[in-house]
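Content type mmCIF, C-alpha atoms and all ligand atoms, from the file work.cif:
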data_input
#
loop_
_atom_site.label_atom_id
_atom_site.label_comp_id
_atom_site.auth_asym_id
_atom_site.auth_seq_id
_atom_site.Cartn_x
_atom_site.Cartn_y
_atom_site.Cartn_z
CA MET A 160 0.00 0.00 0.00
CA GLY A 161 1.59 3.30 1.04
CA GLU A 162 2.13 5.73 -1.82
CA VAL A 163 -0.52 6.34 -4.45
CA LYS A 164 0.69 4.65 -7.67
CA ARG A 165 1.51 6.71 -10.75
CA VAL A 166 1.29 5.10 -14.17
CA SER A 167 1.45 6.12 -17.82
CA ILE A 168 -1.51 6.39 -20.21
CA ASP A 169 -0.40 3.30 -22.15
CA THR A 170 -0.73 1.01 -19.12
CA PRO A 171 -3.09 -1.88 -20.01
CA ILE A 172 -6.60 -1.30 -18.69
CA GLU A 173 -6.54 -4.60 -16.77
CA GLU A 174 -3.59 -3.25 -14.77
CA LEU A 175 -5.29 0.11 -14.16
CA LEU A 176 -8.40 -1.67 -12.87
CA SER A 177 -6.40 -4.01 -10.72
CA ILE A 178 -4.62 -1.07 -9.03
CA LEU A 179 -8.02 0.54 -8.51
CA ASP A 180 -9.36 -2.65 -6.90
CA GLU A 181 -6.33 -2.92 -4.64
CA ASP A 182 -5.72 0.73 -3.66
CA ALA A 183 -8.95 2.56 -4.73
CA GLY A 184 -6.80 5.39 -6.08
CA LEU A 185 -4.16 5.96 -8.78
CA VAL A 186 -2.66 8.69 -10.96
CA ILE A 187 -2.41 8.46 -14.75
CA GLU A 188 0.30 10.88 -15.85
CA ASP A 189 0.44 13.26 -18.82
CA VAL A 190 -3.00 12.83 -20.33
CA LEU A 191 -3.71 16.45 -21.30
CA ASN A 192 -1.44 18.78 -23.23
CA SER A 193 -0.73 22.43 -22.45
CA GLU A 194 -3.24 23.60 -25.07
CA ASN A 195 -6.05 21.64 -23.34
CA LEU A 196 -4.98 23.09 -20.00
CA ASP A 197 -4.91 26.69 -21.27
CA LEU A 198 -8.39 26.28 -22.76
CA ILE A 199 -9.79 24.98 -19.47
CA LYS A 200 -8.08 27.72 -17.43
CA ASN A 201 -9.45 30.42 -19.72
CA ASP A 202 -12.95 28.91 -19.72
CA LEU A 203 -13.12 28.67 -15.94
CA GLU A 204 -11.34 31.86 -14.93
CA PRO A 205 -14.34 34.23 -15.24
CA PHE A 206 -16.43 31.95 -13.02
CA LEU A 207 -13.69 31.35 -10.46
CA ASN A 208 -13.08 35.12 -10.28
CA VAL A 209 -16.62 35.86 -9.12
CA THR A 210 -17.17 32.79 -6.94
CA LYS A 211 -16.99 33.09 -3.16
CA ASN A 212 -15.00 30.77 -0.93
CA GLY A 213 -16.69 27.85 0.85
CA GLN A 214 -18.81 28.56 3.92
CA ASP A 215 -17.66 25.78 6.25
CA ALA A 216 -14.73 23.56 7.12
CA PHE A 217 -15.79 20.89 4.61
CA THR A 218 -16.13 23.13 1.56
CA GLY A 219 -13.14 25.15 2.76
CA TYR A 220 -12.92 28.80 3.83
CA GLU A 221 -10.15 29.38 1.25
CA THR A 222 -11.55 27.09 -1.45
CA LYS A 223 -13.69 27.95 -4.47
CA ARG A 224 -16.00 25.51 -6.23
CA VAL A 225 -17.50 26.08 -9.66
CA GLY A 226 -20.00 23.67 -11.23
CA ALA A 227 -21.94 23.13 -14.49
CA LEU A 228 -18.56 22.58 -16.13
CA LEU A 229 -19.94 20.95 -19.28
CA ALA A 230 -21.82 24.13 -20.14
CA ARG A 231 -18.91 26.36 -19.22
CA SER A 232 -16.06 24.56 -20.93
CA LYS A 233 -16.09 22.59 -24.18
CA THR A 234 -12.82 20.94 -23.15
CA CYS A 235 -14.47 19.68 -19.96
CA GLN A 236 -17.03 17.95 -22.20
CA ASP A 237 -14.14 16.11 -23.82
CA LEU A 238 -12.79 15.13 -20.41
CA ALA A 239 -16.19 13.78 -19.35
CA LEU A 240 -16.30 11.64 -22.50
CA HIS A 241 -12.62 10.61 -22.43
CA PRO A 242 -12.57 7.06 -23.89
CA LEU A 243 -10.14 5.46 -21.41
CA ILE A 244 -11.88 7.05 -18.43
CA ASN A 245 -15.26 5.85 -19.66
CA GLU A 246 -13.96 2.36 -20.32
CA MET A 247 -12.60 2.26 -16.78
CA ALA A 248 -15.79 3.71 -15.27
CA GLY A 249 -17.90 1.16 -17.15
CA ASN A 250 -15.73 -1.71 -15.95
CA PHE A 251 -15.55 -0.49 -12.38
CA LEU A 252 -19.24 0.35 -11.92
CA GLY A 253 -20.56 -2.36 -14.29
CA PRO A 254 -21.08 -5.03 -11.60
CA HIS A 255 -23.49 -2.69 -9.81
CA CYS A 256 -25.63 -1.25 -12.61
CA GLU A 257 -26.86 -1.61 -16.17
CA ASP A 258 -25.15 1.67 -17.01
CA TYR A 259 -23.55 4.68 -15.35
CA GLN A 260 -24.06 8.44 -15.53
CA LEU A 261 -22.20 11.64 -14.77
CA HIS A 262 -22.80 12.45 -11.13
CA PHE A 263 -20.88 15.64 -10.43
CA SER A 264 -18.75 18.29 -12.09
CA SER A 265 -16.75 20.81 -10.09
CA ALA A 266 -13.63 22.87 -10.49
CA ILE A 267 -12.09 22.97 -7.02
CA GLN A 268 -9.54 25.70 -6.44
CA ILE A 269 -7.73 25.47 -3.13
CA GLY A 270 -6.32 28.86 -2.20
CA SER A 271 -3.30 29.93 -0.20
CA GLY A 272 -3.59 29.20 3.54
CA GLU A 273 -6.32 26.54 3.21
CA SER A 274 -6.15 23.82 5.86
CA SER A 275 -6.72 20.11 5.27
CA GLN A 276 -10.23 18.91 4.57
CA ILE A 277 -11.43 16.14 6.87
CA LEU A 278 -10.74 12.66 5.43
CA HIS A 279 -14.00 11.19 4.17
CA ARG A 280 -15.58 8.69 1.80
CA ASP A 281 -17.62 10.35 -0.97
CA ARG A 282 -20.27 7.60 -0.75
CA GLY A 283 -21.47 9.54 2.31
CA VAL A 284 -23.43 11.82 -0.08
CA TRP A 285 -26.11 9.11 -0.14
CA GLY A 286 -26.40 9.16 3.64
CA GLY A 287 -24.77 5.80 4.30
CA TYR A 288 -27.79 3.76 3.17
CA ILE A 289 -26.02 1.88 0.41
CA PRO A 290 -24.30 -1.35 1.49
CA ARG A 291 -20.54 -1.09 1.12
CA LYS A 292 -20.33 -4.07 -1.22
CA ILE A 293 -21.92 -1.81 -3.86
CA GLU A 294 -19.40 0.60 -5.37
CA THR A 295 -21.18 3.91 -5.93
CA GLN A 296 -18.63 6.19 -7.49
CA PHE A 297 -15.80 6.38 -9.99
CA SER A 298 -14.11 9.76 -9.64
CA THR A 299 -11.65 11.68 -11.75
CA VAL A 300 -9.61 14.70 -10.69
CA TRP A 301 -7.91 16.39 -13.62
CA ALA A 302 -4.89 18.43 -12.52
CA ILE A 303 -5.15 21.85 -14.18
CA THR A 304 -2.25 23.16 -12.08
CA ASP A 305 0.46 20.93 -10.63
CA PHE A 306 -0.71 19.11 -7.50
CA THR A 307 1.98 19.10 -4.78
CA LYS A 308 1.95 18.16 -1.14
CA ASP A 309 2.61 21.85 -0.40
CA ASN A 310 -0.18 23.36 -2.52
CA GLY A 311 -3.07 21.12 -1.44
CA ALA A 312 -2.79 17.91 -3.51
CA THR A 313 -5.65 15.60 -2.56
CA GLN A 314 -4.82 13.42 0.44
CA VAL A 315 -5.69 9.76 -0.06
CA VAL A 316 -5.36 6.62 2.04
CA PRO A 317 -4.73 3.82 -0.48
CA GLY A 318 -6.48 0.60 0.51
CA SER A 319 -8.82 2.27 3.02
CA HIS A 320 -11.86 1.19 0.97
CA LYS A 321 -11.40 -2.20 2.65
CA TRP A 322 -11.18 -0.84 6.19
CA ASP A 323 -13.73 -0.87 8.95
CA LYS A 324 -15.51 2.47 8.75
CA ASN A 325 -14.13 3.71 12.07
CA ARG A 326 -10.48 2.89 11.44
CA GLN A 327 -8.43 6.08 11.28
CA PRO A 328 -5.19 6.19 9.28
CA LEU A 329 -1.80 6.63 10.87
CA PRO A 330 -0.01 9.73 9.53
CA GLU A 331 2.28 7.53 7.42
CA GLU A 332 -0.74 5.85 5.79
CA VAL A 333 -1.89 9.12 4.24
CA SER A 334 -0.55 9.63 0.74
CA TYR A 335 -0.94 12.60 -1.64
CA ALA A 336 -2.12 12.66 -5.24
CA GLU A 337 0.93 14.63 -6.30
CA MET A 338 0.99 15.05 -10.06
CA LYS A 339 1.98 17.38 -12.86
CA SER A 340 -0.75 19.43 -14.53
CA GLY A 341 -2.36 17.36 -17.29
CA SER A 342 -2.41 14.20 -15.18
CA VAL A 343 -5.57 12.65 -13.75
CA PHE A 344 -6.12 11.17 -10.30
CA ILE A 345 -8.75 8.44 -10.17
CA TYR A 346 -10.37 7.36 -6.92
CA THR A 347 -13.48 5.56 -5.77
CA GLY A 348 -16.40 6.51 -3.56
CA SER A 349 -15.15 4.16 -0.85
CA VAL A 350 -11.62 5.41 -0.23
CA LEU A 351 -10.65 7.90 2.48
CA HIS A 352 -9.47 11.15 0.95
CA GLY A 353 -9.77 14.92 1.31
CA GLY A 354 -8.34 18.18 0.03
CA GLY A 355 -4.84 18.99 1.28
CA THR A 356 -3.30 21.97 3.08
CA ASN A 357 -2.10 24.79 0.86
CA ASN A 358 1.09 26.28 2.30
CA THR A 359 2.04 28.11 -0.88
CA ASP A 360 1.00 31.45 -2.34
CA GLN A 361 -0.34 29.68 -5.46
CA GLN A 362 -3.76 28.14 -6.11
CA ARG A 363 -4.31 24.46 -6.74
CA LEU A 364 -6.94 23.87 -9.42
CA GLY A 365 -8.53 20.51 -10.25
CA VAL A 366 -11.49 19.56 -12.45
CA PHE A 367 -13.54 16.92 -10.66
CA LEU A 368 -15.81 14.74 -12.80
CA HIS A 369 -17.51 11.88 -10.99
CA TYR A 370 -19.54 8.97 -12.35
CA ALA A 371 -22.13 6.83 -10.56
CA PRO A 372 -24.61 4.03 -11.31
CA ASN A 373 -27.56 5.37 -13.31
CA TRP A 374 -30.05 4.37 -10.62
CA LEU A 375 -28.69 6.78 -8.02
CA ARG A 376 -29.54 10.43 -7.44
CA GLN A 377 -26.82 12.65 -8.88
CA GLN A 378 -24.88 14.93 -6.52
CA GLU A 379 -25.02 17.81 -8.98
CA ASN A 380 -28.52 18.07 -10.42
CA GLN A 381 -27.69 17.63 -14.08
CA TYR A 382 -31.13 18.57 -15.44
CA LEU A 383 -31.03 21.96 -13.69
CA SER A 384 -27.35 22.62 -14.43
CA TYR A 385 -27.99 21.70 -18.08
CA PRO A 386 -31.67 22.31 -18.85
CA PRO A 387 -32.86 21.20 -22.31
CA GLU A 388 -32.11 24.58 -23.93
CA ILE A 389 -28.45 24.11 -22.97
CA ALA A 390 -28.30 20.33 -23.38
CA LYS A 391 -29.58 20.64 -26.96
CA GLU A 392 -26.12 21.97 -27.86
CA PHE A 393 -24.44 18.83 -26.46
CA SER A 394 -23.73 15.66 -28.42
CA PRO A 395 -26.29 12.84 -28.02
CA GLU A 396 -23.56 10.86 -26.23
CA LEU A 397 -22.97 13.62 -23.69
CA ARG A 398 -26.69 14.13 -23.14
CA SER A 399 -27.12 10.45 -22.48
CA LEU A 400 -24.18 10.50 -20.04
CA ILE A 401 -25.70 13.29 -17.93
CA GLY A 402 -29.06 11.53 -17.72
CA TYR A 403 -31.16 12.53 -20.72
CA SER A 404 -31.70 8.82 -21.31
CA LYS A 405 -33.48 6.04 -19.54
CA GLY A 406 -31.74 3.84 -17.02
CA GLY A 407 -33.93 0.79 -17.54
CA TYR A 408 -37.21 -0.23 -19.14
CA VAL A 409 -39.31 2.28 -17.16
CA LEU A 410 -36.60 4.15 -15.24
CA GLY A 411 -36.35 7.87 -16.00
CA PHE A 412 -39.09 8.35 -18.64
CA TYR A 413 -40.76 11.73 -18.99
CA THR A 414 -43.97 13.24 -20.31
CA ASP A 415 -44.21 16.67 -21.94
CA PRO A 416 -47.07 18.26 -19.96
CA THR A 417 -48.01 20.52 -22.89
CA ASP A 418 -48.24 17.72 -25.44
CA MET A 419 -51.78 17.51 -26.85
CA GLU A 420 -50.87 15.07 -29.63
CA GLY A 421 -49.87 12.08 -27.54
CA LYS A 422 -46.36 12.12 -29.04
CA LEU A 423 -44.32 12.77 -25.93
CA GLU A 424 -46.27 10.66 -23.48
CA SER A 425 -44.13 8.40 -21.23
CA VAL A 426 -41.09 8.48 -23.53
CA SER A 427 -37.33 8.41 -23.13
CA PRO A 428 -35.74 11.88 -22.55
CA GLU A 429 -33.81 11.50 -25.84
CA LYS A 430 -37.09 12.37 -27.57
CA ILE A 431 -36.88 16.01 -26.37
CA PHE A 432 -34.00 16.43 -28.79
CA GLY A 433 -35.47 14.37 -31.58
CA ASP A 434 -32.97 11.58 -30.88
CA SER A 435 -34.50 8.17 -31.15
CA GLN A 436 -32.08 5.82 -29.43
CA ASP A 437 -33.59 4.21 -26.34
CA LYS A 438 -31.78 1.03 -25.60
CA TYR A 439 -34.43 0.01 -23.07
CA SER A 440 -37.41 0.52 -25.38
CA THR A 441 -38.45 -3.11 -25.47
CA LEU A 442 -39.06 -5.63 -22.79
CA ALA A 443 -38.04 -9.18 -23.73
CA THR A 444 -40.68 -10.72 -21.53
CA PRO A 445 -42.55 -9.50 -18.44
CA GLU A 446 -40.96 -12.45 -16.60
CA ASN A 447 -37.51 -10.90 -17.24
CA LEU A 448 -38.60 -7.72 -15.49
CA VAL A 449 -39.87 -9.66 -12.50
CA GLN A 450 -36.74 -11.82 -12.37
CA GLY A 451 -34.50 -8.74 -12.56
CA SER A 452 -36.16 -7.08 -9.59
CA SER A 453 -33.55 -8.59 -7.31
CA LYS A 454 -29.99 -9.60 -8.12
CA LYS A 455 -29.85 -12.41 -5.60
O1 LIG A 501 -10.17 19.23 -3.35
C1 LIG A 501 -9.82 18.06 -3.16
O2 LIG A 501 -8.68 17.67 -3.38
C2 LIG A 501 -10.81 17.04 -2.63
C3 LIG A 501 -12.19 17.58 -2.41
C4 LIG A 501 -13.12 16.53 -1.90
O3 LIG A 501 -12.77 15.41 -1.69
C5 LIG A 501 -14.54 16.86 -1.65
O4 LIG A 501 -14.90 18.03 -1.59
O5 LIG A 501 -15.36 15.90 -1.51
FE FE A 502 -14.42 14.05 -1.43
#

What does this structure look like when you write it as structure tokens?
Ligand SMILES: O=C(O)CCC(=O)C(=O)O
Ligand SMILES: [Fe+2]
Amino acid sequence: MGEVKRVSIDTPIEELLSILDEDAGLVIEDVLNSENLDLIKNDLEPFLNVTKNGQDAFTGYETKRVGALLARSKTCQDLALHPLINEMAGNFLGPHCEDYQLHFSSAIQIGSGESSQILHRDRGVWGGYIPRKIETQFSTVWAITDFTKDNGATQVVPGSHKWDKNRQPLPEEVSYAEMKSGSVFIYTGSVLHGGGTNNTDQQRLGVFLHYAPNWLRQQENQYLSYPPEIAKEFSPELRSLIGYSKGGYVLGFYTDPTDMEGKLESVSPEKIFGDSQDKYSTLATPENLVQGSSKK
């Protein structure tokens, strides 16, 4: 265990997933180039400039958080759809769902003088009701600036996803997601982690994009952050990822309340945009639905 592992982008996916199973956190180095990073910085700067710091010790008195990143930055759309990340998310969350969705987008900027965030497991957002054998979250943190132990790199306790919930780490068990800008830190909803202390006069900026099973409530309300008039500019793939799609035969349908022609009655959200793909449109047999109501 110990240090968070750092690997290159050409590492075989089996190895990436096996590190994730073992440690519940890893860094993939050098994924974005400086052009990508400049675009993201420029896109986010106006929003970060006007955003206030957090209001409590968890969100951080010297930390800014900016959401709705897919609407605010085209490059962040590309990050959300990154093929390797999505392949990993699908593999990691696959045993617990038919499909996954985007759960959260946030640019987290830790400012000078910020103290450490309490170590926590992100699965706490669902109130602790979900049994721990179900993995609820696949998280990415894209380093827009360098992440160093001094400037607030995310603290992580590799392997703590397997611990009893009350076990606290020894100081030497806490590692840091130190990485160069352009790298991505991946962690799960079950591992202890938290923002780090910033002892420098620079800001640490990360783009957080989290994925979750499509049957869970999303942390960031995607339909309000990206209402249809904004989502219509997105690709069908991106719309489906944020939840404008069904999650099962009858899960997540909608009805247009103004429809007097019976066209948009109990249909898949793709229909708002004229898209027709609904992979759950047909039911093989009613018995399948009944059988599938419990996995064991
Ligand atoms: O900013 C970070 O490095 C981590 C933030 C975090 O874990 C959280 O807010 O849940
Ligand atoms: Fe967290």

What are the nearest atom pairs, with distances in Å to one decimal, for all residues of range 336-410 of chain A that come at most 7 Å from range 162-183 of chain A, using only C-alpha atoms, set out by chain and rising residue number as CSV?
residue,atom,partner,partner_atom,distance
A:Ala336,CA,A:Val163,CA,6.6
A:Tyr346,CA,A:Ala183,CA,5.5
A:Thr347,CA,A:Ala183,CA,5.5
A:Val350,CA,A:Ala183,CA,6.0

Selected residue, from A:Val409, A:Ile277, A:Leu185, A:Val225, that lies nearest to ligand FE 502 (chain A) when counting only C-alpha atoms and all ligand atoms: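 Between A:Val409, A:Ile277, A:Leu185, A:Val225, the residue approaching ligand FE 502 (chain A) most closely is A:Ile277.
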
Val209 in chain A environment, 12 Å, all atoms listed in the file, sequence neighbours closer than 4 positions dropped, as a ChimeraX atom specification: /A:203-205,223-225

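One finds CA of Ser425 in chain A at 26.1 Å from CA of His255 in chain A.
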
Near-ligand residues for ligand FE 502 (chain A), threshold 10 Å, only C-alpha atoms and all ligand atoms, as an NGL selection string: :A and (217-218 or 276-284 or 298 or 313-315 or 346-354 or 367)

Using the file's own x, y and z axes, so that the box edges lie along x, y and z, what centre and edge lengths in Å (one decimal) does a box around every listed atom of ligand LIG 501 (chain A) get when 3 Å is added on each side? Give it as AutoDock Vina command-line options.
--center_x -12.0 --center_y 17.3 --center_z -2.4 --size_x 12.7 --size_y 9.8 --size_z 7.9
